[in-house]
file structure_28.txt (compact mmCIF, C-alpha atoms)
# COMPACT_ATOMS: atom_id res chain seq x y z
CA MET A 1 153.60 72.66 145.21
CA PRO A 2 151.04 72.71 142.40
CA ASN A 3 148.10 70.45 142.95
CA SER A 4 144.96 71.98 141.49
CA ARG A 5 143.45 70.41 138.40
CA PRO A 6 145.05 71.99 135.32
CA ASP A 7 143.13 73.67 132.52
CA VAL A 8 141.68 70.94 130.28
CA SER A 9 143.06 72.35 127.02
CA LYS A 10 146.52 72.84 128.51
CA GLU A 11 146.40 69.34 129.92
CA ALA A 12 145.42 67.91 126.53
CA GLU A 13 148.32 69.81 124.93
CA TRP A 14 150.81 68.35 127.48
CA ILE A 15 149.42 64.87 126.91
CA ARG A 16 149.77 65.19 123.12
CA ARG A 17 153.35 66.38 123.51
CA CYS A 18 154.06 63.42 125.78
CA GLN A 19 152.49 61.12 123.21
CA SER A 20 154.99 62.41 120.66
CA GLY A 21 157.83 61.59 123.08
CA ASP A 22 158.41 64.96 124.80
CA LYS A 23 159.44 64.04 128.34
CA GLU A 24 159.58 67.63 129.54
CA ALA A 25 155.85 67.97 128.87
CA PHE A 26 155.26 65.24 131.44
CA ALA A 27 156.55 67.46 134.26
CA PRO A 28 153.40 69.62 134.59
CA LEU A 29 151.27 66.46 134.58
CA VAL A 30 153.37 65.00 137.40
CA ASP A 31 153.07 68.27 139.27
CA ALA A 32 149.31 68.33 138.83
CA TYR A 33 148.59 64.74 139.79
CA GLN A 34 151.32 63.80 142.28
CA ARG A 35 149.40 64.70 145.40
CA ARG A 36 146.26 62.73 144.59
CA THR A 37 148.42 59.81 143.45
CA PHE A 38 150.30 59.93 146.76
CA SER A 39 146.94 59.90 148.54
CA ILE A 40 145.54 56.91 146.69
CA VAL A 41 148.80 54.94 146.97
CA PHE A 42 149.20 55.69 150.66
CA HIS A 43 145.62 54.68 151.43
CA LEU A 44 146.02 51.47 149.47
CA VAL A 45 149.44 50.29 150.63
CA ARG A 46 149.72 52.16 153.95
CA ARG A 47 153.50 51.97 153.95
CA ARG A 48 154.74 55.50 154.31
CA ASN A 49 158.32 54.69 153.34
CA ASP A 50 157.35 52.91 150.13
CA VAL A 51 154.86 55.46 148.83
CA GLU A 52 157.27 57.75 146.98
CA ASP A 53 159.00 54.89 145.16
CA ILE A 54 155.65 53.40 144.19
CA VAL A 55 154.35 56.74 142.90
CA GLN A 56 157.53 57.20 140.83
CA GLU A 57 157.01 53.78 139.29
CA ILE A 58 153.38 54.67 138.55
CA PHE A 59 154.40 57.85 136.72
CA MET A 60 157.04 55.89 134.79
CA LYS A 61 154.39 53.38 133.75
CA ALA A 62 151.98 56.17 132.87
CA PHE A 63 154.51 57.82 130.55
CA ALA A 64 155.34 54.50 128.94
CA ALA A 65 151.64 53.90 128.28
CA ILE A 66 150.58 57.45 127.47
CA GLU A 67 150.31 56.68 123.75
CA SER A 68 147.37 54.42 124.60
CA TYR A 69 145.48 57.26 126.35
CA ASN A 70 142.62 58.18 124.03
CA PHE A 71 140.99 61.11 125.91
CA GLN A 72 137.77 59.13 126.45
CA SER A 73 138.04 59.19 130.24
CA SER A 74 139.68 61.98 132.22
CA PHE A 75 143.45 61.80 132.56
CA GLY A 76 142.98 61.57 136.36
CA THR A 77 140.78 58.48 136.04
CA TRP A 78 143.24 56.92 133.58
CA LEU A 79 146.16 57.64 135.92
CA ASN A 80 144.20 56.32 138.92
CA ARG A 81 143.60 53.10 137.00
CA ILE A 82 147.35 52.67 136.52
CA ALA A 83 147.96 53.53 140.18
CA VAL A 84 145.34 51.08 141.46
CA ASN A 85 146.58 48.26 139.22
CA HIS A 86 150.15 48.89 140.33
CA CYS A 87 149.13 48.91 144.03
CA TYR A 88 147.01 45.82 143.47
CA ASP A 89 150.08 43.95 142.20
CA TYR A 90 152.13 45.36 145.07
CA LEU A 91 149.58 44.21 147.65
CA ARG A 92 149.43 40.74 146.18
CA ARG A 93 153.23 40.52 146.33
CA GLN A 94 153.26 41.79 149.91
CA ARG A 95 150.45 39.56 151.12
CA SER A 96 152.68 36.57 151.76
CA SER A 97 155.28 38.60 153.66
CA ARG A 98 152.81 40.52 155.81
CA VAL A 99 153.63 40.48 159.51
CA THR A 100 151.07 42.75 161.18
CA TYR A 101 147.86 41.23 162.48
CA TYR A 102 144.92 42.77 164.23
CA TRP A 103 145.43 40.79 167.42
CA GLU A 104 148.78 42.52 167.84
CA MET A 105 146.94 45.73 168.74
CA SER A 106 147.96 47.38 172.00
CA GLU A 107 145.74 46.90 175.05
CA GLU A 108 145.02 50.60 175.15
CA GLY A 109 143.85 50.52 171.55
CA GLN A 110 141.65 47.52 172.27
CA ARG A 111 140.05 49.30 175.21
CA GLU A 112 139.34 52.37 173.07
CA ILE A 113 137.65 50.24 170.46
CA GLU A 114 135.72 48.20 173.00
CA ARG A 115 134.43 51.41 174.52
CA HIS A 116 133.33 52.93 171.24
CA SER A 117 132.34 49.95 169.16
CA ARG A 118 129.06 49.96 171.06
CA SER A 119 128.14 53.38 169.69
CA PRO A 120 130.50 54.36 166.92
CA GLU A 121 128.95 57.72 166.17
CA GLU A 122 131.54 59.40 164.01
CA GLY A 123 130.95 62.85 165.42
CA GLY A 124 131.24 61.66 169.01
CA LEU A 125 134.77 60.28 168.73
CA ASN A 126 137.81 62.18 169.87
CA SER A 127 141.07 62.04 167.96
CA GLU A 128 142.50 59.22 170.10
CA GLU A 129 139.42 57.09 169.62
CA LYS A 130 139.45 57.73 165.91
CA LEU A 131 143.12 56.78 165.84
CA ALA A 132 142.40 53.51 167.67
CA LEU A 133 139.49 52.66 165.39
CA GLY A 134 141.56 53.59 162.35
CA ASP A 135 144.31 51.34 163.66
CA LEU A 136 141.89 48.43 163.99
CA VAL A 137 140.51 48.96 160.50
CA THR A 138 144.02 49.26 159.07
CA LYS A 139 144.78 45.86 160.52
CA LEU A 140 141.52 44.40 159.24
CA LEU A 141 142.33 45.81 155.80
CA ALA A 142 145.82 44.34 155.94
CA ARG A 143 144.24 40.90 156.34
CA ALA A 144 141.70 41.43 153.59
CA PRO A 145 142.23 40.19 150.04
CA ALA A 146 143.79 42.81 147.75
CA GLU A 147 140.54 43.07 145.76
CA ASP A 148 138.52 43.99 148.89
CA ARG A 149 141.16 46.38 150.09
CA VAL A 150 141.25 48.25 146.80
CA ILE A 151 137.50 48.64 146.44
CA LEU A 152 136.90 49.60 150.09
CA THR A 153 139.74 52.11 150.03
CA LEU A 154 138.40 53.75 146.91
CA LYS A 155 134.84 53.94 148.27
CA GLU A 156 135.22 54.61 151.96
CA ILE A 157 138.61 56.33 152.29
CA GLU A 158 139.13 58.02 148.93
CA ASP A 159 135.38 58.75 148.90
CA LYS A 160 134.96 57.88 145.23
CA SER A 161 131.49 57.31 143.82
CA VAL A 162 130.46 53.91 142.47
CA GLU A 163 130.62 55.43 138.96
CA GLU A 164 134.19 56.64 139.50
CA ILE A 165 135.23 53.26 140.87
CA SER A 166 133.63 51.62 137.86
CA GLY A 167 135.76 53.87 135.60
CA ILE A 168 138.97 53.24 137.54
CA LEU A 169 138.60 49.48 137.81
CA GLY A 170 136.99 49.05 134.40
CA LEU A 171 134.02 47.20 135.89
CA LYS A 172 130.26 47.44 135.43
CA LEU A 173 128.35 49.43 138.05
CA SER A 174 126.50 46.31 139.19
CA THR A 175 129.80 44.43 139.58
CA VAL A 176 131.24 47.27 141.68
CA LYS A 177 128.16 47.18 143.96
CA VAL A 178 128.35 43.41 144.38
CA ARG A 179 132.09 43.52 145.12
CA LEU A 180 131.62 46.35 147.60
CA HIS A 181 128.96 44.43 149.49
CA ARG A 182 131.12 41.31 149.51
CA ALA A 183 134.12 43.26 150.80
CA ARG A 184 132.06 44.90 153.54
CA LYS A 185 130.66 41.55 154.62
CA ARG A 186 134.18 40.13 154.86
CA MET A 187 135.32 43.09 156.96
CA VAL A 188 132.37 42.66 159.34
CA LYS A 189 133.10 38.95 159.59
CA ASP A 190 136.72 39.71 160.40
CA LEU A 191 135.61 42.20 163.06
CA GLN A 192 133.39 39.50 164.59
CA LYS A 193 136.42 37.19 164.75
CA TRP A 194 138.40 39.92 166.44
CA GLU A 195 135.61 40.56 168.96
CA LYS A 196 135.31 36.85 169.74
CA GLY A 197 139.08 36.46 170.06
CA ARG A 198 139.47 39.23 172.65
CA MET B 1 112.72 40.98 152.74
CA ARG B 2 115.93 39.01 152.63
CA CYS B 3 118.58 39.95 155.19
CA ASP B 4 121.27 40.27 152.50
CA VAL B 5 119.25 42.80 150.50
CA VAL B 6 118.47 44.81 153.62
CA ARG B 7 122.13 44.82 154.69
CA GLN B 8 123.29 45.99 151.28
CA MET B 9 120.86 48.92 151.45
CA VAL B 10 121.84 49.75 155.01
CA GLU B 11 125.56 49.71 154.17
CA GLU B 12 125.03 52.24 151.41
CA GLY B 13 123.58 54.64 153.94
CA ILE B 14 120.66 55.47 151.66
CA GLU B 15 117.29 56.38 153.07
CA ARG B 16 115.62 53.25 154.35
CA PRO B 17 112.17 52.47 152.91
CA PRO B 18 109.48 51.40 155.42
CA ALA B 19 109.91 47.72 154.51
CA VAL B 20 113.63 47.91 155.36
CA GLN B 21 112.93 49.77 158.59
CA ALA B 22 110.38 47.12 159.57
CA HIS B 23 112.86 44.34 158.83
CA MET B 24 115.60 46.06 160.81
CA ALA B 25 113.32 46.51 163.79
CA SER B 26 112.45 42.82 163.86
CA CYS B 27 115.81 41.21 162.91
CA PRO B 28 118.50 41.17 165.66
CA ASP B 29 121.07 39.67 163.24
CA CYS B 30 120.71 42.61 160.88
CA GLN B 31 120.87 45.04 163.82
CA GLU B 32 124.12 43.45 164.94
CA TYR B 33 125.46 43.49 161.38
CA LEU B 34 124.65 47.19 161.11
CA ARG B 35 126.41 47.93 164.41
CA GLN B 36 129.52 46.10 163.29
CA TRP B 37 129.51 47.70 159.90
CA GLU B 38 129.28 51.11 161.56
CA VAL B 39 132.43 50.30 163.56
CA VAL B 40 134.28 49.36 160.38
CA ARG B 41 132.96 52.35 158.43
CA THR B 42 133.86 54.80 161.20
CA GLY B 43 137.38 53.36 161.24
CA LEU B 44 137.62 53.68 157.47
CA VAL B 45 136.41 57.28 157.59
CA ALA B 46 138.94 57.98 160.35
CA LEU B 47 141.67 56.85 157.98
CA ARG B 48 140.73 59.67 155.60
CA GLU B 49 142.06 62.06 158.19
CA SER B 50 145.44 60.36 158.56
CA GLU B 51 148.33 62.56 157.56
CA LEU B 52 149.36 61.92 153.97
CA PRO B 53 153.01 61.60 153.02
CA GLU B 54 154.23 64.56 151.00
CA PRO B 55 156.25 64.25 147.80
CA SER B 56 159.83 65.18 148.66
CA ILE B 57 161.42 68.27 147.09
CA GLY B 58 162.43 67.67 143.47
CA PHE B 59 160.07 64.74 143.02
CA THR B 60 159.00 65.82 139.52
CA THR B 61 162.60 66.43 138.44
CA ARG B 62 163.56 62.94 139.61
CA VAL B 63 160.69 61.37 137.67
CA ILE B 64 161.73 63.18 134.47
CA ARG B 65 165.39 62.25 135.03
CA ARG B 66 164.41 58.62 135.52
CA LEU B 67 162.42 58.77 132.29
CA GLU B 68 165.45 60.16 130.44
CA ASP B 69 167.77 57.57 131.99
CA ALA B 70 165.35 54.83 131.03
CA SER B 71 165.17 56.03 127.42
CA THR B 72 169.01 56.23 127.28
CA GLU B 73 169.20 52.66 128.55
CA ILE B 74 166.66 51.59 125.95
CA GLN B 75 168.66 53.32 123.20
CA ALA B 76 171.88 51.64 124.38
CA GLY B 77 170.05 48.34 124.42
CA GLN B 78 168.76 48.92 120.91
CA GLN B 79 172.27 49.83 119.68
CA PHE B 80 173.62 46.67 121.25
CA LEU B 81 170.88 44.61 119.65
CA ASP B 82 171.52 46.35 116.31
CA GLN B 83 175.21 45.47 116.47
CA ILE B 84 174.48 41.91 117.52
CA GLY B 85 171.84 41.67 114.81
CA ARG B 86 174.19 42.99 112.15
CA ARG B 87 176.90 40.55 113.20
CA PHE B 88 174.39 37.75 113.18
CA VAL B 89 173.30 38.62 109.64
CA TYR B 90 176.93 38.83 108.43
CA GLY B 91 177.74 35.55 110.16
CA THR B 92 174.72 33.84 108.61
CA LEU B 93 175.67 35.15 105.17
CA MET B 94 179.21 33.85 105.61
CA VAL B 95 177.97 30.42 106.68
CA ALA B 96 175.53 30.33 103.74
CA LEU B 97 178.34 31.31 101.37
CA MET B 98 180.60 28.59 102.76
CA ILE B 99 177.87 25.98 102.42
CA LEU B 100 177.27 27.11 98.85
CA LEU B 101 180.98 26.91 98.05
CA ALA B 102 181.22 23.51 99.69
CA LEU B 103 178.42 22.31 97.41
CA VAL B 104 179.84 23.89 94.26
CA ILE B 105 183.60 23.25 94.65
CA PRO B 106 183.61 19.38 94.34
CA SER B 107 181.94 19.50 90.94
CA SER B 108 184.11 22.26 89.51
CA GLY B 109 187.38 21.68 91.37
CA PRO B 110 190.25 19.21 90.89
CA TYR B 111 187.92 16.23 90.32
CA ARG B 112 186.26 17.83 87.35
CA SER B 113 189.58 19.09 85.93
CA SER B 114 191.05 15.54 86.08
CA GLY B 115 187.92 14.33 84.39
CA ILE B 116 188.42 16.90 81.68
CA SER B 117 192.09 15.99 81.23
CA ASP B 118 191.11 12.29 81.09
CA SER B 119 188.53 12.99 78.44
CA ILE B 120 191.02 15.10 76.48
CA LEU B 121 193.53 12.21 76.71
CA ALA B 122 190.92 9.73 75.62
CA GLN B 123 189.93 11.98 72.75
CA SER B 124 193.57 12.26 71.57
CA GLN B 125 193.97 8.46 71.78
CA VAL B 126 190.81 7.98 69.80
CA SER B 127 191.95 10.48 67.21
CA ALA B 128 195.39 8.83 67.02
CA LEU B 129 193.83 5.43 66.60
CA SER B 130 191.46 6.64 63.95
CA SER B 131 194.31 8.30 62.05
CA GLU B 132 196.22 4.98 62.17
CA GLN B 133 193.23 3.20 60.79
CA ILE B 134 192.87 5.85 58.18
CA LEU B 135 196.56 5.41 57.21
CA GLY B 136 196.13 1.61 56.94
CA VAL B 137 193.16 1.93 54.65
CA ASP B 138 195.01 4.37 52.42
CA GLY B 139 197.79 1.76 51.58
CA ILE B 140 200.64 3.44 53.34
CA ASP B 141 203.24 0.96 54.72
CA SER B 142 201.54 -0.51 57.73
CA SER B 143 204.44 -2.74 58.77
CA ASP B 144 206.09 0.28 60.33
CA ALA B 145 203.04 0.71 62.35
CA THR B 146 203.05 -3.01 63.20
CA ASP B 147 206.72 -2.82 64.17
CA SER B 148 206.07 -0.05 66.50
CA SER B 149 203.42 -2.15 68.28
CA PRO B 150 204.43 -4.34 71.22
CA ALA B 151 203.72 -7.53 69.22
CA PRO B 152 207.36 -8.19 68.15
CA ALA B 153 208.37 -8.29 71.77
CA VAL B 154 205.93 -11.14 72.29
CA ASN B 155 207.38 -12.83 69.26
CA ASN B 156 210.86 -12.47 70.68
CA ASN B 157 209.76 -14.10 73.87
CA GLN B 158 208.23 -16.97 71.98
CA GLY B 159 211.46 -17.30 69.94
CA GLY B 160 213.49 -17.44 73.16
CA ARG B 161 211.41 -20.32 74.53
CA GLY B 162 211.77 -22.16 71.21
CA SER B 163 215.58 -21.98 71.25
CA LYS B 164 215.64 -23.75 74.54

call {"tool": "encode", "arguments": {"input": "structure_28.txt", "output": "structure tokens"}}
result
Amino acid sequence: MPNSRPDVSKEAEWIRRCQSGDKEAFAPLVDAYQRRTFSIVFHLVRRRNDVEDIVQEIFMKAFAAIESYNFQSSFGTWLNRIAVNHCYDYLRRQRSSRVTYYWEMSEEGQREIERHSRSPEEGGLNSEEKLALGDLVTKLLARAPAEDRVILTLKEIEDKSVEEISGILGLKLSTVKVRLHRARKRMVKDLQKWEKGR
Amino acid sequence: MRCDVVRQMVEEGIERPPAVQAHMASCPDCQEYLRQWEVVRTGLVALRESELPEPSIGFTTRVIRRLEDASTEIQAGQQFLDQIGRRFVYGTLMVALMILLALVIPSSGPYRSSGISDSILAQSQVSALSSEQILGVDGIDSSDATDSSPAPAVNNNQGGRGSK
């Protein structure tokens, strides 16, 4: 399945054809960007069964809006912006119907975290411990406001730079930094609650 | 240094200046915050390694097909709107025409025609009267004209009463 970044001039040609209404020219763009869009959507919504439908909707939206793409940012950043906004709306809709909470974690998972939260050296964790810690963080993220979840996912999971996040979210660098700090503080506070509630 | 500033720098994982290091060494709250943040960050990094869902076979084809279906639906919708719009325009024109006719017909219909016939009748009476007057002035026997008037009938009635 093609995934590597396409040649810039070819990509621009496909985009222009799409802008003039050629739907077939959208196929190579979908091929080129589907995997990274799956990644970002999965990390944001974390619902394996919903990811494909969401990504399809994102590509539909992208084609509908492709006339507005002006080549100022990269097509990937522009597409990521659509994906993040779509997931943001999805998360806000899902927030009220969410049923998983961090205190529902299995005892085994809790023990793993308890053992390693004292010295969470990334390199020193085995796969089970990582899984348990990932499970805890997934649950903390599920409780977090959509805004925090989006920015933390982009920075810490998708490993985007502050500049890239600024481009995707359309925010100033300073605003991204402030929001990141606020989101991290909330996560730590939520972890404290979890630790006290054990 | 303020705890919040120190924590923001520590979160970023950038090299800690001596002032930050000194603050961290002397502030148990910041040490605890750093420990907890490390737990969260390690969990977040662990999520990077989670297995990503793969696009199913024919994903691109389905997207393109959906795009084509959507544009067909839009075209059908536009055709429907066109038809509705055309009918609406025709309907509006018809209503406007009927209103116009309703406004015009009373002044040019039977009412006006009776008015015309009345005026024609009045004109003929006037012309008849004027011709009678003209005849009287010219010295032609006007008793015939007087006889033809209803006056003798009145006279007869008067005569009838007198005989009683």

call {"tool": "interface_residues", "arguments": {"input": "structure_28.txt", "of": "chain A", "to": "chain B", "cutoff": "8 Å", "atoms": "all atoms listed in the file", "output": "count of residues only"}}
result
42

call {"tool": "atom_distance", "arguments": {"input": "structure_28.txt", "atom1": "CA of Ala25 in chain B", "atom2": "CA of Arg2 in chain B"}}
result
13.7 Å

call {"tool": "atom_distance", "arguments": {"input": "structure_28.txt", "atom1": "CA of Asp159 in chain A", "atom2": "CA of Ala19 in chain B"}}
result
28.3 Å

call {"tool": "atom_distance", "arguments": {"input": "structure_28.txt", "atom1": "CA of Leu44 in chain A", "atom2": "CA of Leu169 in chain A"}}
result
14.0 Å

call {"tool": "residues_around", "arguments": {"input": "structure_28.txt", "residues": "Ile165 in chain A", "least_positions_apart": "4", "cutoff": "9 Å", "atoms": "all atoms listed in the file", "output": "MDAnalysis selection string"}}
result
chainID A and resid 151 154:155 160:161 169:171 173 176

call {"tool": "residues_around", "arguments": {"input": "structure_28.txt", "residues": "range 79-81 of chain A", "least_positions_apart": "5", "cutoff": "10 Å", "atoms": "only C-alpha atoms", "output": "list in words"}}
result
Tyr33, Arg36, Thr37, Ile40, Val41, Ile58, Phe59, Lys61, Ala62, Phe63, Ile66, Tyr69, Ser74, His86, Cys87, Ile165, Gly167, Ile168, Leu169 and Gly170 of chain A
